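J.: Sharing protein_24.cif below, mmCIF, C-alpha atoms (C1' of nucleotides):
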data_data
#
loop_
_atom_site.label_atom_id
_atom_site.label_comp_id
_atom_site.auth_asym_id
_atom_site.auth_seq_id
_atom_site.Cartn_x
_atom_site.Cartn_y
_atom_site.Cartn_z
CA MET V 1 5.77 -22.43 29.80
CA GLY V 2 5.32 -19.91 27.01
CA TYR V 3 7.45 -17.74 24.76
CA ALA V 4 8.53 -14.12 24.87
CA ILE V 5 7.90 -12.14 21.73
CA GLY V 6 11.48 -12.48 20.46
CA GLU V 7 11.43 -16.23 20.75
CA PHE V 8 7.96 -16.44 19.24
CA SER V 9 9.14 -14.31 16.36
CA LEU V 10 12.01 -16.71 15.68
CA ILE V 11 9.74 -19.75 15.87
CA THR V 12 7.07 -18.38 13.57
CA GLY V 13 9.22 -16.35 11.22
CA ILE V 14 7.11 -13.26 11.80
CA SER V 15 8.86 -10.06 12.83
CA ILE V 16 8.33 -8.59 16.29
CA TYR V 17 6.92 -5.48 14.65
CA THR V 18 4.38 -7.49 12.74
CA LEU V 19 3.37 -9.48 15.80
CA ARG V 20 2.64 -6.29 17.69
CA TYR V 21 0.80 -4.94 14.67
CA TYR V 22 -1.31 -8.11 14.46
CA GLU V 23 -2.13 -7.71 18.11
CA LYS V 24 -3.20 -4.11 17.55
CA GLU V 25 -5.47 -5.42 14.79
CA GLY V 26 -6.88 -8.09 17.07
CA LEU V 27 -5.54 -11.07 15.13
CA ILE V 28 -3.57 -12.66 17.94
CA ILE V 29 -3.66 -11.45 21.53
CA PRO V 30 -1.19 -13.27 23.80
CA GLU V 31 -1.31 -13.47 27.58
CA ARG V 32 0.72 -11.00 29.59
CA LYS V 33 3.05 -11.67 32.47
CA ARG V 34 2.64 -9.65 35.68
CA ASN V 35 5.25 -7.22 34.38
CA GLY V 36 3.25 -6.56 31.20
CA ARG V 37 5.39 -8.59 28.82
CA ARG V 38 3.73 -10.74 26.18
CA LEU V 39 3.59 -14.47 26.77
CA TYR V 40 2.77 -16.59 23.74
CA SER V 41 1.57 -20.18 24.08
CA ASP V 42 1.88 -23.29 21.92
CA ASN V 43 -1.70 -22.75 20.96
CA ASP V 44 -0.68 -19.36 19.61
CA ILE V 45 1.80 -21.08 17.31
CA THR V 46 -0.94 -23.16 15.73
CA TRP V 47 -3.17 -20.14 15.48
CA ILE V 48 -0.61 -17.84 13.87
CA GLN V 49 0.23 -20.54 11.37
CA PHE V 50 -3.39 -20.62 10.35
CA ILE V 51 -3.41 -16.82 10.12
CA LYS V 52 -0.42 -17.11 7.82
CA ARG V 53 -2.30 -19.53 5.63
CA LEU V 54 -5.27 -17.22 5.35
CA LYS V 55 -2.95 -14.36 4.48
CA ASP V 56 -1.05 -16.41 1.92
CA THR V 57 -4.31 -17.24 0.23
CA GLY V 58 -5.08 -13.57 -0.08
CA MET V 59 -7.48 -12.99 2.80
CA PRO V 60 -7.19 -9.36 3.91
CA ILE V 61 -6.33 -8.53 7.52
CA LYS V 62 -9.81 -7.12 8.14
CA LYS V 63 -11.43 -10.47 7.28
CA ILE V 64 -8.96 -12.39 9.40
CA GLN V 65 -9.74 -9.95 12.18
CA LYS V 66 -13.41 -10.80 11.86
CA TYR V 67 -12.59 -14.50 11.95
CA ALA V 68 -10.42 -14.00 15.01
CA GLN V 69 -13.24 -12.18 16.78
CA LEU V 70 -15.60 -15.07 16.14
CA ARG V 71 -12.99 -17.53 17.31
CA ALA V 72 -12.58 -15.57 20.53
CA GLN V 73 -16.30 -15.85 21.14
CA GLY V 74 -16.04 -19.61 21.29
CA ASP V 75 -18.09 -22.53 20.08
CA SER V 76 -21.27 -20.62 19.40
CA THR V 77 -19.63 -19.12 16.31
CA LEU V 78 -18.49 -22.41 14.78
CA GLU V 79 -21.03 -22.30 12.01
CA GLU V 80 -20.29 -18.74 11.01
CA ARG V 81 -16.57 -19.40 10.93
CA MET V 82 -17.13 -22.48 8.82
CA GLU V 83 -19.16 -20.45 6.40
CA MET V 84 -16.39 -17.88 6.14
CA LEU V 85 -13.94 -20.61 5.31
CA ILE V 86 -16.23 -22.17 2.74
CA LYS V 87 -16.69 -18.83 1.06
CA HIS V 88 -12.96 -18.20 1.12
CA ARG V 89 -12.38 -21.64 -0.31
CA GLY V 90 -14.58 -20.70 -3.26
CA ILE V 91 -12.58 -17.54 -3.90
CA LEU V 92 -9.31 -19.44 -3.66
CA LYS V 93 -10.52 -22.10 -6.06
CA LYS V 94 -11.43 -19.47 -8.62
CA GLU V 95 -8.07 -17.82 -8.21
CA ILE V 96 -6.28 -21.08 -8.77
CA ASP V 97 -8.26 -21.71 -11.92
CA ALA V 98 -7.49 -18.22 -13.18
CA MET V 99 -3.80 -18.71 -12.42
CA GLN V 100 -3.82 -22.00 -14.25
CA GLU V 101 -5.26 -20.27 -17.28
CA HIS V 102 -2.65 -17.53 -17.02
CA LEU V 103 0.02 -20.20 -16.89
CA THR V 104 -1.22 -21.85 -20.08
CA ASN V 105 -1.36 -18.49 -21.78
CA LEU V 106 2.14 -17.66 -20.64
CA ASP V 107 3.36 -20.98 -22.00
CA ASP V 108 1.84 -20.14 -25.36
CA LYS V 109 3.59 -16.80 -25.38
CA ILE V 110 6.90 -18.39 -24.42
CA SER V 111 6.71 -20.97 -27.18
CA TYR V 112 5.86 -18.19 -29.60
CA TYR V 113 8.99 -16.38 -28.44
CA LYS V 114 10.98 -19.55 -28.96
CA THR V 115 9.96 -19.94 -32.60
CA GLU V 116 10.41 -16.19 -33.20
CA TYR V 117 13.85 -16.25 -31.70
CA GLY V 118 14.75 -19.35 -33.67
CA ARG V 119 13.58 -17.79 -36.91
CA LYS V 120 15.50 -14.55 -36.36
CA HIS V 121 18.71 -16.43 -35.67
CA SER V 122 18.46 -18.93 -38.50
CA LYS V 123 21.08 -18.69 -41.30
CA LEU V 124 18.44 -19.90 -43.79
CA GLU V 125 16.32 -16.80 -43.92
CA GLY V 126 14.80 -17.69 -47.29
CA GLY V 127 13.57 -21.13 -46.27
CA ASP V 128 14.62 -24.45 -47.82
CA ASP V 129 11.62 -25.91 -49.66
CA MET R 1 -8.45 5.07 -36.44
CA GLY R 2 -7.64 4.90 -32.75
CA TYR R 3 -9.30 5.52 -29.42
CA ALA R 4 -9.40 8.45 -27.02
CA ILE R 5 -8.55 7.65 -23.42
CA GLY R 6 -12.19 7.48 -22.32
CA GLU R 7 -13.10 4.97 -24.99
CA PHE R 8 -9.95 2.97 -24.38
CA SER R 9 -10.79 2.89 -20.70
CA LEU R 10 -14.23 1.45 -21.44
CA ILE R 11 -12.81 -1.15 -23.83
CA THR R 12 -10.09 -2.34 -21.48
CA GLY R 13 -11.85 -1.89 -18.15
CA ILE R 14 -8.94 0.13 -16.81
CA SER R 15 -9.72 3.53 -15.31
CA ILE R 16 -8.52 6.71 -16.99
CA TYR R 17 -6.49 7.51 -13.90
CA THR R 18 -4.75 4.18 -14.04
CA LEU R 19 -4.02 4.50 -17.75
CA ARG R 20 -2.31 7.83 -17.16
CA TYR R 21 -0.47 6.36 -14.22
CA TYR R 22 0.71 3.43 -16.35
CA GLU R 23 1.93 5.89 -18.93
CA LYS R 24 3.86 7.81 -16.28
CA GLU R 25 5.46 4.49 -15.29
CA GLY R 26 6.32 3.72 -18.90
CA LEU R 27 4.07 0.68 -19.26
CA ILE R 28 2.00 1.90 -22.17
CA ILE R 29 2.73 5.08 -24.09
CA PRO R 30 0.09 5.89 -26.71
CA GLU R 31 0.47 8.20 -29.69
CA ARG R 32 -0.65 11.80 -29.38
CA LYS R 33 -2.80 13.78 -31.72
CA ARG R 34 -1.62 17.23 -32.88
CA ASN R 35 -3.58 18.76 -30.02
CA GLY R 36 -1.79 16.65 -27.43
CA ARG R 37 -4.57 14.17 -26.71
CA ARG R 38 -3.78 10.51 -26.31
CA LEU R 39 -4.57 8.18 -29.20
CA TYR R 40 -4.60 4.48 -28.39
CA SER R 41 -4.35 1.85 -31.15
CA ASP R 42 -5.66 -1.69 -31.52
CA ASN R 43 -2.16 -2.83 -30.83
CA ASP R 44 -2.37 -1.04 -27.49
CA ILE R 45 -5.41 -3.15 -26.63
CA THR R 46 -3.46 -6.37 -27.09
CA TRP R 47 -0.55 -4.94 -25.17
CA ILE R 48 -2.56 -3.71 -22.19
CA GLN R 49 -4.29 -7.06 -21.98
CA PHE R 50 -0.93 -8.70 -21.68
CA ILE R 51 0.07 -6.17 -19.03
CA LYS R 52 -3.10 -7.12 -17.16
CA ARG R 53 -2.13 -10.74 -17.32
CA LEU R 54 1.31 -10.05 -15.90
CA LYS R 55 -0.25 -7.99 -13.13
CA ASP R 56 -2.85 -10.65 -12.37
CA THR R 57 -0.09 -13.17 -11.99
CA GLY R 58 1.60 -10.97 -9.44
CA MET R 59 4.30 -9.28 -11.47
CA PRO R 60 5.07 -5.90 -9.88
CA ILE R 61 4.79 -2.72 -11.96
CA LYS R 62 8.55 -2.22 -11.87
CA LYS R 63 9.16 -5.55 -13.59
CA ILE R 64 6.49 -4.91 -16.16
CA GLN R 65 8.12 -1.55 -16.75
CA LYS R 66 11.40 -3.32 -17.45
CA TYR R 67 9.65 -5.67 -19.84
CA ALA R 68 7.97 -2.74 -21.59
CA GLN R 69 11.32 -1.02 -22.03
CA LEU R 70 12.78 -4.10 -23.68
CA ARG R 71 9.73 -4.43 -25.88
CA ALA R 72 10.14 -0.82 -27.00
CA GLN R 73 13.71 -1.58 -28.03
CA GLY R 74 12.48 -4.08 -30.57
CA ASP R 75 13.56 -7.50 -31.79
CA SER R 76 17.06 -7.39 -30.37
CA THR R 77 15.60 -7.92 -26.90
CA LEU R 78 13.49 -10.96 -27.79
CA GLU R 79 15.71 -13.36 -25.91
CA GLU R 80 15.85 -11.29 -22.75
CA ARG R 81 12.09 -10.86 -22.71
CA MET R 82 11.62 -14.58 -23.20
CA GLU R 83 13.90 -15.24 -20.26
CA MET R 84 11.88 -12.86 -18.12
CA LEU R 85 8.73 -14.73 -19.00
CA ILE R 86 10.27 -18.11 -18.34
CA LYS R 87 11.43 -16.94 -14.95
CA HIS R 88 8.03 -15.51 -14.19
CA ARG R 89 6.43 -18.74 -15.30
CA GLY R 90 8.49 -20.57 -12.71
CA ILE R 91 7.36 -18.24 -9.96
CA LEU R 92 3.74 -18.58 -11.03
CA LYS R 93 3.97 -22.35 -11.11
CA LYS R 94 5.27 -22.41 -7.56
CA GLU R 95 2.52 -20.10 -6.44
CA ILE R 96 -0.13 -22.31 -7.98
CA ASP R 97 1.31 -25.35 -6.25
CA ALA R 98 1.34 -23.50 -2.92
CA MET R 99 -2.26 -22.39 -3.45
CA GLN R 100 -3.26 -25.95 -4.23
CA GLU R 101 -1.74 -27.06 -0.97
CA HIS R 102 -3.52 -24.28 0.88
CA LEU R 103 -6.76 -25.41 -0.70
CA THR R 104 -6.33 -28.97 0.49
CA ASN R 105 -5.51 -27.74 3.94
CA LEU R 106 -8.54 -25.49 3.97
CA ASP R 107 -10.69 -28.42 2.93
CA ASP R 108 -9.38 -30.41 5.86
CA LYS R 109 -10.20 -27.60 8.22
CA ILE R 110 -13.68 -27.25 6.78
CA SER R 111 -14.47 -30.93 7.14
CA TYR R 112 -13.19 -30.75 10.69
CA TYR R 113 -15.62 -27.87 11.30
CA LYS R 114 -18.39 -29.95 9.79
CA THR R 115 -17.89 -32.85 12.17
CA GLU R 116 -17.44 -30.46 15.12
CA TYR R 117 -20.59 -28.61 14.27
CA GLY R 118 -22.49 -31.87 13.78
CA ARG R 119 -21.30 -33.17 17.15
CA LYS R 120 -22.26 -30.01 18.99
CA HIS R 121 -25.75 -30.00 17.53
CA SER R 122 -26.48 -33.67 17.97
CA LYS R 123 -29.35 -34.54 20.35
CA LEU R 124 -27.52 -37.72 21.33
CA GLU R 125 -24.73 -36.13 23.31
CA GLY R 126 -24.07 -39.24 25.39
CA GLY R 127 -23.89 -41.69 22.53
CA ASP R 128 -26.34 -44.54 21.94
CA ASP R 129 -24.58 -47.81 22.51
"C1'" DA A 1 25.71 0.27 41.48
"C1'" DC A 2 25.70 -0.06 36.67
"C1'" DT A 3 25.44 -1.58 32.06
"C1'" DT A 4 23.18 -4.36 28.68
"C1'" DG A 5 19.64 -6.43 26.10
"C1'" DA A 6 14.92 -7.55 25.53
"C1'" DC A 7 10.85 -5.65 26.14
"C1'" DC A 8 7.06 -1.82 26.42
"C1'" DT A 9 4.00 2.16 24.08
"C1'" DG A 10 2.45 5.73 20.89
"C1'" DG A 11 2.99 7.42 16.81
"C1'" DA A 12 5.59 8.48 12.50
"C1'" DG A 13 7.44 6.68 8.08
"C1'" DT A 14 7.44 3.48 4.04
"C1'" DT A 15 5.99 1.16 -0.28
"C1'" DA A 16 3.00 -0.18 -4.05
"C1'" DA A 17 -0.55 0.90 -6.75
"C1'" DC A 18 -3.61 3.49 -7.46
"C1'" DT A 19 -7.21 7.56 -7.06
"C1'" DC A 20 -8.50 12.07 -6.90
"C1'" DT A 21 -8.26 17.38 -7.10
"C1'" DA A 22 -7.41 21.81 -9.08
"C1'" DT A 23 -6.80 24.27 -12.93
"C1'" DA A 24 -6.48 24.84 -17.82
"C1'" DT A 25 -7.72 23.51 -22.87
"C1'" DT A 26 -10.21 21.92 -26.51
"C1'" DG A 27 -14.01 19.82 -29.58
"C1'" DT A 28 -18.91 19.52 -30.39
"C1'" DA A 29 -23.73 20.72 -30.19
"C1'" DT A 30 -27.24 24.54 -29.90
"C1'" DA I 1 -21.12 32.69 -29.43
"C1'" DT I 2 -21.62 29.86 -25.67
"C1'" DA I 3 -22.15 26.04 -22.86
"C1'" DC I 4 -20.71 21.55 -21.78
"C1'" DA I 5 -18.25 17.28 -21.82
"C1'" DA I 6 -13.85 15.20 -22.43
"C1'" DT I 7 -9.32 15.79 -22.15
"C1'" DA I 8 -4.63 17.67 -20.29
"C1'" DT I 9 -0.98 18.33 -16.30
"C1'" DA I 10 1.11 18.50 -11.67
"C1'" DG I 11 0.80 17.09 -7.53
"C1'" DA I 12 -1.81 15.66 -3.29
"C1'" DG I 13 -4.41 11.96 -0.94
"C1'" DT I 14 -5.65 7.04 -0.01
"C1'" DT I 15 -5.25 2.15 1.47
"C1'" DA I 16 -3.10 -2.02 3.07
"C1'" DA I 17 0.30 -3.96 5.48
"C1'" DC I 18 3.81 -3.38 7.45
"C1'" DT I 19 8.32 -1.16 9.54
"C1'" DC I 20 10.71 1.80 12.28
"C1'" DC I 21 11.80 5.31 15.97
"C1'" DA I 22 11.97 7.78 20.44
"C1'" DG I 23 11.77 7.40 24.96
"C1'" DG I 24 10.93 4.50 28.92
"C1'" DT I 25 10.93 0.00 32.00
"C1'" DC I 26 12.95 -4.01 33.88
"C1'" DA I 27 15.68 -8.37 35.02
"C1'" DA I 28 20.26 -10.35 34.92
"C1'" DG I 29 25.22 -10.37 34.86
"C1'" DT I 30 29.89 -8.05 36.48
#
Here is the file; what I need is its structure written in the form of C-alpha cells.

T.:
Amino acid sequence: MGYAIGEFSLITGISIYTLRYYEKEGLIIPERKRNGRRLYSDNDITWIQFIKRLKDTGMPIKKIQKYAQLRAQGDSTLEERMEMLIKHRGILKKEIDAMQEHLTNLDDKISYYKTEYGRKHSKLEGGDD
Amino acid sequence: MGYAIGEFSLITGISIYTLRYYEKEGLIIPERKRNGRRLYSDNDITWIQFIKRLKDTGMPIKKIQKYAQLRAQGDSTLEERMEMLIKHRGILKKEIDAMQEHLTNLDDKISYYKTEYGRKHSKLEGGDD
DNA sequence: ACTTGACCTGGAGTTAACTCTATATTGTAT
DNA sequence: ATACAATATAGAGTTAACTCCAGGTCAAGT
C-alpha cells in the first residue's frame, strides 16, 4: 500500500534528492502519512515515468510543471494538455529531423577522414596511373 | 581580408560574448591584428559551423575543446579525431532512436487524449444501442 | 534505554554554458 | 581635436537542474 521515498527512488531510478526537488517544483506531490513521511502510489510510478519521457525529449521543468498543474485540475483541462503535447510533438519531430541531418553530415565528415587517413598512410604517394 | 568580432558574430549568429568565451575555452582562437584586435578568417567560419554542429548534437564543450586541441596539432591526429567522431556518431544514433521511440509514445498518448476528449464531449453519454 | 537508519526541512553548493559589467583603448567621422 | 562606436580584459552574475549538508524526528531492533 504505497512506497516510501527510498523505495520509490529505487523503483524509478530517480534520486531521493531529485524527487524532493520535483515535489518542490510541483511536478509530483505524493500523499503523506500521519507522521509526515511521503507515500508514493503505483499511479505515481506511471506519472513519474511520463515526466521522465517529457524531460528526455527536452521539455523544461517549468513546462512540465505547467502540465502537472493542469493534470491536477482534472478532466476540464484535457484539451489544453492535449494541445501542449501536440505542440511538444511538433518540436520533437523537428529536433529529430535536425539530428538526422546532423548524422548524415557527420557521416560525410567521417568518410572524408577515412580517405584522408588512407591517403596519408599510403606508400604510393605519387599515384599509380 | 578577415572579419572583426562584431562582423563575425553577425555572420555566424554567435554572440560576441560567446565567441570570446569559446576562445577562452580553446575552441576557436582567431588571429590578432597588431593592435590586439581579433581577426577571424573564412576558415574560422567553416570551423565554427562545425563546432555548432557538434554542440547541436549534444557534445559538451570539454569534448569539443579536446577535438580542437587535436585539430590544432595537425595531420598527425587525424586518426584520433576520426575515432572521436565515430564514437560521437554512435551516441547520436542512439539518441535519435530513443527520440523516435519517444515520438511514437507521445503519439499514442495524444490519440488517447483525442478519444478521451471526444468521449467527454459527446452528447450521447449513455450510448445509442 | 539506546542506537541505528530512513526520513524530514531549509538552505547552501555545484556544473555547464553562457551573459553581462566595469574599465580601458583604439579607429573613424566631423 | 573631439566625440562616438567597436573593441579589449578580468571577473562577476545568471539559469537550469540538480545535489548536498546541517540539524532534527521517529520507528524498530538489542

J.: Can you give me chain R superposed onto chain V, least-squares on all Cα in order, written as a compact mmCIF listing (two decimals) with C-alpha atoms, in the coordinates of the input?

T.:
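Produced file superposed-v3.txt, reproduced below:
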# COMPACT_ATOMS: atom_id res chain seq x y z
CA MET R 1 5.92 -22.45 29.66
CA GLY R 2 5.46 -19.95 26.87
CA TYR R 3 7.55 -17.76 24.61
CA ALA R 4 8.65 -14.14 24.72
CA ILE R 5 7.98 -12.13 21.58
CA GLY R 6 11.54 -12.48 20.28
CA GLU R 7 11.49 -16.24 20.54
CA PHE R 8 8.00 -16.44 19.10
CA SER R 9 9.15 -14.31 16.20
CA LEU R 10 12.00 -16.71 15.46
CA ILE R 11 9.72 -19.75 15.70
CA THR R 12 7.03 -18.35 13.44
CA GLY R 13 9.16 -16.31 11.06
CA ILE R 14 7.03 -13.24 11.67
CA SER R 15 8.82 -10.05 12.69
CA ILE R 16 8.34 -8.58 16.15
CA TYR R 17 6.90 -5.46 14.56
CA THR R 18 4.35 -7.45 12.67
CA LEU R 19 3.36 -9.47 15.73
CA ARG R 20 2.65 -6.27 17.64
CA TYR R 21 0.79 -4.91 14.66
CA TYR R 22 -1.32 -8.07 14.46
CA GLU R 23 -2.10 -7.70 18.13
CA LYS R 24 -3.19 -4.10 17.60
CA GLU R 25 -5.50 -5.39 14.84
CA GLY R 26 -6.88 -8.07 17.13
CA LEU R 27 -5.55 -11.05 15.19
CA ILE R 28 -3.53 -12.63 17.96
CA ILE R 29 -3.59 -11.44 21.55
CA PRO R 30 -1.10 -13.27 23.77
CA GLU R 31 -1.15 -13.48 27.56
CA ARG R 32 0.90 -11.02 29.57
CA LYS R 33 3.25 -11.71 32.40
CA ARG R 34 2.91 -9.71 35.64
CA ASN R 35 5.47 -7.27 34.30
CA GLY R 36 3.46 -6.60 31.16
CA ARG R 37 5.54 -8.61 28.72
CA ARG R 38 3.86 -10.74 26.10
CA LEU R 39 3.73 -14.49 26.66
CA TYR R 40 2.86 -16.60 23.63
CA SER R 41 1.66 -20.20 24.01
CA ASP R 42 1.95 -23.30 21.84
CA ASN R 43 -1.64 -22.74 20.93
CA ASP R 44 -0.64 -19.34 19.58
CA ILE R 45 1.81 -21.07 17.24
CA THR R 46 -0.95 -23.14 15.68
CA TRP R 47 -3.18 -20.11 15.47
CA ILE R 48 -0.63 -17.81 13.84
CA GLN R 49 0.17 -20.51 11.31
CA PHE R 50 -3.45 -20.60 10.36
CA ILE R 51 -3.49 -16.80 10.13
CA LYS R 52 -0.51 -17.08 7.78
CA ARG R 53 -2.41 -19.50 5.63
CA LEU R 54 -5.39 -17.18 5.37
CA LYS R 55 -3.08 -14.32 4.48
CA ASP R 56 -1.20 -16.39 1.91
CA THR R 57 -4.48 -17.20 0.26
CA GLY R 58 -5.27 -13.53 -0.04
CA MET R 59 -7.62 -12.96 2.86
CA PRO R 60 -7.31 -9.32 3.95
CA ILE R 61 -6.42 -8.50 7.56
CA LYS R 62 -9.89 -7.10 8.21
CA LYS R 63 -11.51 -10.43 7.38
CA ILE R 64 -9.04 -12.35 9.45
CA GLN R 65 -9.78 -9.93 12.26
CA LYS R 66 -13.46 -10.79 11.96
CA TYR R 67 -12.63 -14.48 12.04
CA ALA R 68 -10.42 -13.98 15.09
CA GLN R 69 -13.23 -12.17 16.89
CA LEU R 70 -15.61 -15.06 16.26
CA ARG R 71 -12.98 -17.53 17.38
CA ALA R 72 -12.54 -15.59 20.62
CA GLN R 73 -16.27 -15.87 21.26
CA GLY R 74 -15.99 -19.63 21.41
CA ASP R 75 -18.05 -22.58 20.19
CA SER R 76 -21.24 -20.65 19.56
CA THR R 77 -19.63 -19.14 16.46
CA LEU R 78 -18.49 -22.43 14.93
CA GLU R 79 -21.07 -22.32 12.17
CA GLU R 80 -20.35 -18.75 11.17
CA ARG R 81 -16.62 -19.40 11.04
CA MET R 82 -17.19 -22.48 8.93
CA GLU R 83 -19.27 -20.43 6.52
CA MET R 84 -16.49 -17.87 6.27
CA LEU R 85 -14.04 -20.59 5.39
CA ILE R 86 -16.34 -22.16 2.84
CA LYS R 87 -16.82 -18.81 1.18
CA HIS R 88 -13.10 -18.18 1.20
CA ARG R 89 -12.52 -21.62 -0.24
CA GLY R 90 -14.73 -20.68 -3.17
CA ILE R 91 -12.76 -17.53 -3.82
CA LEU R 92 -9.48 -19.41 -3.61
CA LYS R 93 -10.70 -22.08 -6.00
CA LYS R 94 -11.61 -19.46 -8.56
CA GLU R 95 -8.25 -17.81 -8.17
CA ILE R 96 -6.44 -21.07 -8.73
CA ASP R 97 -8.45 -21.72 -11.87
CA ALA R 98 -7.66 -18.22 -13.15
CA MET R 99 -3.97 -18.72 -12.40
CA GLN R 100 -4.02 -22.02 -14.24
CA GLU R 101 -5.45 -20.28 -17.26
CA HIS R 102 -2.83 -17.56 -17.01
CA LEU R 103 -0.17 -20.24 -16.89
CA THR R 104 -1.40 -21.87 -20.07
CA ASN R 105 -1.52 -18.53 -21.77
CA LEU R 106 1.98 -17.71 -20.62
CA ASP R 107 3.17 -21.03 -21.98
CA ASP R 108 1.68 -20.18 -25.35
CA LYS R 109 3.44 -16.85 -25.36
CA ILE R 110 6.73 -18.46 -24.41
CA SER R 111 6.55 -21.04 -27.16
CA TYR R 112 5.72 -18.25 -29.58
CA TYR R 113 8.87 -16.45 -28.40
CA LYS R 114 10.84 -19.63 -28.91
CA THR R 115 9.83 -20.00 -32.54
CA GLU R 116 10.32 -16.26 -33.14
CA TYR R 117 13.74 -16.33 -31.61
CA GLY R 118 14.66 -19.46 -33.57
CA ARG R 119 13.51 -17.86 -36.82
CA LYS R 120 15.44 -14.67 -36.23
CA HIS R 121 18.65 -16.53 -35.49
CA SER R 122 18.43 -19.03 -38.29
CA LYS R 123 21.20 -18.84 -40.94
CA LEU R 124 18.70 -19.98 -43.57
CA GLU R 125 16.64 -16.83 -43.73
CA GLY R 126 15.39 -17.50 -47.25
CA GLY R 127 14.29 -21.06 -46.69
CA ASP R 128 15.84 -24.11 -48.36
CA ASP R 129 13.35 -25.60 -50.75

J.: Tell me which protein, DNA and RNA residues are within 10 Å of Phe8 in chain R, counting all atoms listed in the file, leaving out same-chain ones fewer than 6 positions away, and put them as a PyMOL selection string.

T.: chain R and resi 2+14-16+19+38-42+44-45

J.: Tell me which protein, DNA and RNA residues are within 12 Å of DC2 in chain A, counting all atoms listed in the file, leaving out same-chain ones fewer than 3 positions away, and put them as a PyMOL selection string.

T.: chain I and resi 28-30

J.: With a distance cut-off of 12 Å and all atoms listed in the file, select the neighbouring residues of Glu101 in chain R, excluding the residue or stretch itself and same-chain residues fewer than 3 positions from it, and output the selection as a list in words.

T.: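 Here the answer would be Arg53, Asp56, Thr57, Arg89, Leu92, Lys93 and Ile96 of chain V; Lys94, Glu95, Ile96, Asp97, Ala98, Thr104, Asn105, Leu106, Asp107 and Asp108 of chain R.
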
J.: For chain R, which residues have at least one atom within 9 Å of chain I, if we go by all atoms listed in the file? Write them as a ChimeraX atom specification, please.

T.: /R:4-6,36-38

J.: Within 12 Å of chain R, which residues belong to chain A? Use all atoms listed in the file and report them as an MDAnalysis selection string.

T.: chainID A and resid 15:20 25:27

J.: Show me a table, sorted first by chain and then by increasing residue number, of the residues of chain R having an atom at most 12 Å from chain V, each with its shortest atom pair and the distance in Å to one decimal, counting all atoms listed in the file and written as a tab-separated table.

T.:
residue	atom	partner	partner_atom	distance
R:Gln49	CA	V:His102	CA	11.7
R:Phe50	CA	V:Leu106	CA	9.5
R:Ile51	CA	V:Leu106	CA	11.8
R:Lys52	CA	V:His102	CA	10.4
R:Arg53	CA	V:His102	CA	6.8
R:Leu54	CA	V:His102	CA	8.5
R:Lys55	CA	V:His102	CA	10.6
R:Asp56	CA	V:Met99	CA	8.1
R:Thr57	CA	V:Met99	CA	6.7
R:Gly58	CA	V:Met99	CA	9.9
R:Asp75	CA	V:Lys120	CA	8.6
R:Ser76	CA	V:Lys120	CA	9.5
R:Thr77	CA	V:Tyr117	CA	9.8
R:Leu78	CA	V:Tyr117	CA	6.6
R:Glu79	CA	V:Tyr117	CA	6.7
R:Glu80	CA	V:Tyr113	CA	10.3
R:Arg81	CA	V:Tyr113	CA	8.5
R:Met82	CA	V:Tyr113	CA	6.1
R:Glu83	CA	V:Ile110	CA	8.7
R:Met84	CA	V:Ile110	CA	9.8
R:Leu85	CA	V:Ile110	CA	6.8
R:Ile86	CA	V:Ile110	CA	7.0
R:Lys87	CA	V:Ile110	CA	10.6
R:His88	CA	V:Leu106	CA	9.0
R:Arg89	CA	V:Leu103	CA	6.8
R:Gly90	CA	V:Leu103	CA	9.5
R:Ile91	CA	V:Leu103	CA	10.3
R:Leu92	CA	V:Leu103	CA	7.1
R:Lys93	CA	V:Leu103	CA	7.3
R:Lys94	CA	V:Leu103	CA	10.9
R:Glu95	CA	V:Met99	CA	8.8
R:Ile96	CA	V:Ile96	CA	6.3
R:Asp97	CA	V:Ile96	CA	9.1
R:Ala98	CA	V:Asp56	CA	8.9
R:Met99	CA	V:Thr57	CA	6.7
R:Gln100	CA	V:Ile96	CA	7.3
R:Glu101	CA	V:Arg53	CA	10.0
R:His102	CA	V:Arg53	CA	6.8
R:Leu103	CA	V:Arg89	CA	6.8
R:Thr104	CA	V:Arg89	CA	9.5
R:Asn105	CA	V:Arg53	CA	9.0
R:Leu106	CA	V:Arg89	CA	6.9
R:Asp107	CA	V:Arg89	CA	7.7
R:Asp108	CA	V:Leu85	CA	10.8
R:Lys109	CA	V:Leu85	CA	8.4
R:Ile110	CA	V:Met82	CA	6.2
R:Ser111	CA	V:Met82	CA	9.0
R:Tyr112	CA	V:Met82	CA	9.3
R:Tyr113	CA	V:Met82	CA	6.1
R:Lys114	CA	V:Met82	CA	7.6
R:Thr115	CA	V:Leu78	CA	10.8
R:Glu116	CA	V:Leu78	CA	8.1
R:Tyr117	CA	V:Leu78	CA	6.6
R:Gly118	CA	V:Glu79	CA	9.8
R:Arg119	CA	V:Leu78	CA	11.4
R:Lys120	CA	V:Asp75	CA	8.6
R:His121	CA	V:Ser76	CA	10.6

J.: Find the distance between CA of Thr12 in chain R and CA of Thr46 in chain R and write it in Å to one decimal.

T.: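 Between CA of Thr12 in chain R and CA of Thr46 in chain R the gap is 9.6 Å.
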
J.: State, in Å with one decimal place, the distance from CA of Ala68 in chain V to CA of Trp47 in chain V.

T.: 9.5 Å

J.: Mind pulling up the distance from CA of Arg20 in chain V to CA of Arg32 in chain V?

T.: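 Rounded to one decimal, the two atoms are 12.9 Å apart.
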
J.: Could you put an axis-aligned box around every listed atom of range 79-94 of chain V, padded by 6 Å on each side, and send me its centre and edge lengths in Å to one decimal, as lines of an AutoDock Vina configuration file?

T.:
center_x = -15.2
center_y = -20.0
center_z = 1.7
size_x = 23.7
size_y = 16.9
size_z = 32.6
